[in-house]
Amino acid sequence: MFVRTESMPQTPQQHVTVRVHTPIGSAVVLWRGDPQETDGQHLIEWTVDPDIHWGQNTRPAAATEPELRQEGDRVIMRGRLHLTDDGAAHLQMGHWSVLFDLASPIPSSMDESWVEISVGSESVALHPYQT
């Protein structure tokens with residue numbers, strides 16, 4: 001997916017972070033590309049380190065539309081959850097998906113339902129995709 005990114009103020013000890021702007025919202029996340037290319041339009045892939053823990057970092061969503069937002073040091077992703085046959089899941093957020101592993105079982109009734117996943121912003125990263 002194409003997104004617009006803007007660099008964030010950094011200290012020498014920090015990882016490079018950017019504010020990512022998407023059609024469904026924005027958040028501050030890690031940048032895994034060239035630090036000199038943080039500002040601009042990029043074709044990216046998302047990675048999220050934490051697994052889905054049903055009832056802890058993942059819950060049913062009250063709204064039925066995709067959203068990306070920042071709440072303090074947390075990134076909130078809302079989308080339609082799809083369970084896979086191999087014990088994983090992906091969250092459909094608008095026109096793109098984010099893959100997740102499952103740390104705990106998810107009720108099968110939640111397949112294709114709207115959920116919110118809340119993770120620390122330091123565990124969400126953007127990887128520029130080279131075409």
# chains A, B, ... in the order shown; residues from 1 in each chain; ligands from 1

$ select_by_dssp --residues "stretch 52-99 of chain A" --states "strand (DSSP E or B)" --output "MDAnalysis selection string"
chainID A and resid 52 54 58:60 67:71 74:83 88:93 96:99

$ residues_around --residues "A:Pro23" --least-positions-apart "5" --cutoff "9 Å" --atoms "only C-alpha atoms" --output "PyMOL selection string"
chain A and resi 3+67-68+94

$ write_last_selection --atoms "C-alpha atoms" --output "CSV table (one decimal), in the first residue's frame"
chain,number,residue,atom,x,y,z
A,3,VAL,CA,1.3,5.8,2.4
A,67,GLU,CA,-9.3,2.7,11.4
A,68,LEU,CA,-5.7,3.3,12.4
A,94,GLY,CA,-9.3,-1.1,4.2

$ residues_around --residues "A:His53" --least-positions-apart "6" --cutoff "9 Å" --atoms "only C-alpha atoms" --output "VMD selection string"
chain A and resid 59 102 to 106

$ atom_distance --atom1 "atom CA of A:Pro60" --atom2 "atom CA of A:His95"
20.3 Å

$ closest_residue --among "A:Ser123, A:Met110, A:Leu81, A:Gln130" --to "A:His15" --atoms "only C-alpha atoms"
A:Ser123

$ residues_around --residues "A:Ser118" --least-positions-apart "3" --cutoff "9 Å" --atoms "only C-alpha atoms" --output "VMD selection string"
chain A and resid 56 to 59 74 to 78

$ closest_residue --among "A:Trp54, A:Trp96, A:Trp31, A:Phe2" --to "A:Val115" --atoms "only C-alpha atoms"
A:Trp54

$ closest_residue --among "A:Thr38, A:Leu91, A:Ile117, A:Thr64" --to "A:Arg19" --atoms "only C-alpha atoms"
A:Thr38

$ atom_distance --atom1 "atom CA of A:His127" --atom2 "atom CA of A:Ala27"
14.9 Å

$ select_by_dssp --residues "chain A" --states "helix (DSSP H, G or I)" --output "list in words"
Pro35, Gln36, Glu37, Ser108, Ser109, Met110, Ser121, Glu122 and Ser123 of chain A

$ decode --residues "stretch 89-120 of chain A" --atoms "N, CA and C atoms" --output "short mmCIF file (atom, residue, chain, number, x, y, z; two decimals), in the first residue's frame"
data_model
loop_
_atom_site.label_atom_id
_atom_site.label_comp_id
_atom_site.auth_asym_id
_atom_site.auth_seq_id
_atom_site.Cartn_x
_atom_site.Cartn_y
_atom_site.Cartn_z
N ALA A 89 -3.86 -15.40 11.59
CA ALA A 89 -4.97 -14.51 11.25
C ALA A 89 -4.43 -13.32 10.47
N HIS A 90 -5.32 -12.66 9.75
CA HIS A 90 -4.95 -11.37 9.17
C HIS A 90 -6.08 -10.39 9.42
N LEU A 91 -5.69 -9.16 9.61
CA LEU A 91 -6.62 -8.08 9.86
C LEU A 91 -6.75 -7.27 8.58
N GLN A 92 -7.94 -7.26 8.01
CA GLN A 92 -8.20 -6.49 6.79
C GLN A 92 -8.54 -5.07 7.20
N MET A 93 -7.66 -4.14 6.84
CA MET A 93 -7.82 -2.73 7.19
C MET A 93 -7.93 -1.93 5.90
N GLY A 94 -9.15 -1.76 5.44
CA GLY A 94 -9.31 -1.06 4.17
C GLY A 94 -8.80 -1.92 3.04
N HIS A 95 -7.84 -1.40 2.27
CA HIS A 95 -7.33 -2.10 1.09
C HIS A 95 -6.08 -2.93 1.37
N TRP A 96 -5.69 -3.09 2.63
CA TRP A 96 -4.52 -3.89 2.93
C TRP A 96 -4.76 -4.76 4.15
N SER A 97 -3.91 -5.77 4.31
CA SER A 97 -4.00 -6.69 5.44
C SER A 97 -2.70 -6.69 6.23
N VAL A 98 -2.82 -6.98 7.52
CA VAL A 98 -1.67 -7.16 8.40
C VAL A 98 -1.77 -8.58 8.96
N LEU A 99 -0.69 -9.35 8.82
CA LEU A 99 -0.67 -10.73 9.30
C LEU A 99 -0.33 -10.79 10.78
N PHE A 100 -0.94 -11.74 11.49
CA PHE A 100 -0.70 -11.94 12.92
C PHE A 100 -0.63 -13.43 13.22
N ASP A 101 0.17 -13.78 14.23
CA ASP A 101 0.13 -15.11 14.82
C ASP A 101 -0.84 -15.04 16.00
N LEU A 102 -1.37 -16.18 16.40
CA LEU A 102 -2.31 -16.24 17.52
C LEU A 102 -1.60 -16.77 18.75
N ALA A 103 -1.65 -16.03 19.84
CA ALA A 103 -1.06 -16.47 21.10
C ALA A 103 -2.07 -17.23 21.94
N SER A 104 -3.34 -17.01 21.67
CA SER A 104 -4.41 -17.70 22.38
C SER A 104 -5.52 -17.98 21.37
N PRO A 105 -6.34 -18.98 21.65
CA PRO A 105 -7.43 -19.29 20.71
C PRO A 105 -8.41 -18.13 20.60
N ILE A 106 -8.94 -17.99 19.41
CA ILE A 106 -9.97 -16.98 19.15
C ILE A 106 -11.25 -17.74 18.86
N PRO A 107 -12.36 -17.33 19.47
CA PRO A 107 -13.62 -18.01 19.19
C PRO A 107 -13.90 -18.02 17.68
N SER A 108 -14.25 -19.18 17.15
CA SER A 108 -14.49 -19.28 15.70
C SER A 108 -15.59 -18.34 15.25
N SER A 109 -16.47 -17.96 16.17
CA SER A 109 -17.55 -17.02 15.82
C SER A 109 -17.00 -15.63 15.49
N MET A 110 -15.74 -15.36 15.84
CA MET A 110 -15.14 -14.05 15.57
C MET A 110 -14.53 -13.96 14.18
N ASP A 111 -14.47 -15.10 13.46
CA ASP A 111 -13.95 -15.06 12.09
C ASP A 111 -14.79 -14.10 11.26
N GLU A 112 -14.13 -13.21 10.56
CA GLU A 112 -14.74 -12.19 9.71
C GLU A 112 -15.53 -11.14 10.49
N SER A 113 -15.23 -10.99 11.78
CA SER A 113 -15.88 -9.95 12.57
C SER A 113 -14.95 -8.74 12.71
N TRP A 114 -15.49 -7.63 13.15
CA TRP A 114 -14.72 -6.41 13.34
C TRP A 114 -14.08 -6.43 14.72
N VAL A 115 -12.76 -6.21 14.76
CA VAL A 115 -12.02 -6.20 16.02
C VAL A 115 -11.08 -5.00 16.06
N GLU A 116 -10.63 -4.70 17.29
CA GLU A 116 -9.57 -3.73 17.49
C GLU A 116 -8.39 -4.44 18.12
N ILE A 117 -7.20 -4.17 17.60
CA ILE A 117 -5.96 -4.71 18.14
C ILE A 117 -5.14 -3.52 18.63
N SER A 118 -4.71 -3.58 19.88
CA SER A 118 -3.94 -2.51 20.50
C SER A 118 -2.54 -3.03 20.82
N VAL A 119 -1.52 -2.40 20.25
CA VAL A 119 -0.13 -2.81 20.47
C VAL A 119 0.73 -1.58 20.70
N GLY A 120 1.86 -1.77 21.36
CA GLY A 120 2.80 -0.68 21.57
C GLY A 120 3.35 -0.18 20.25
#
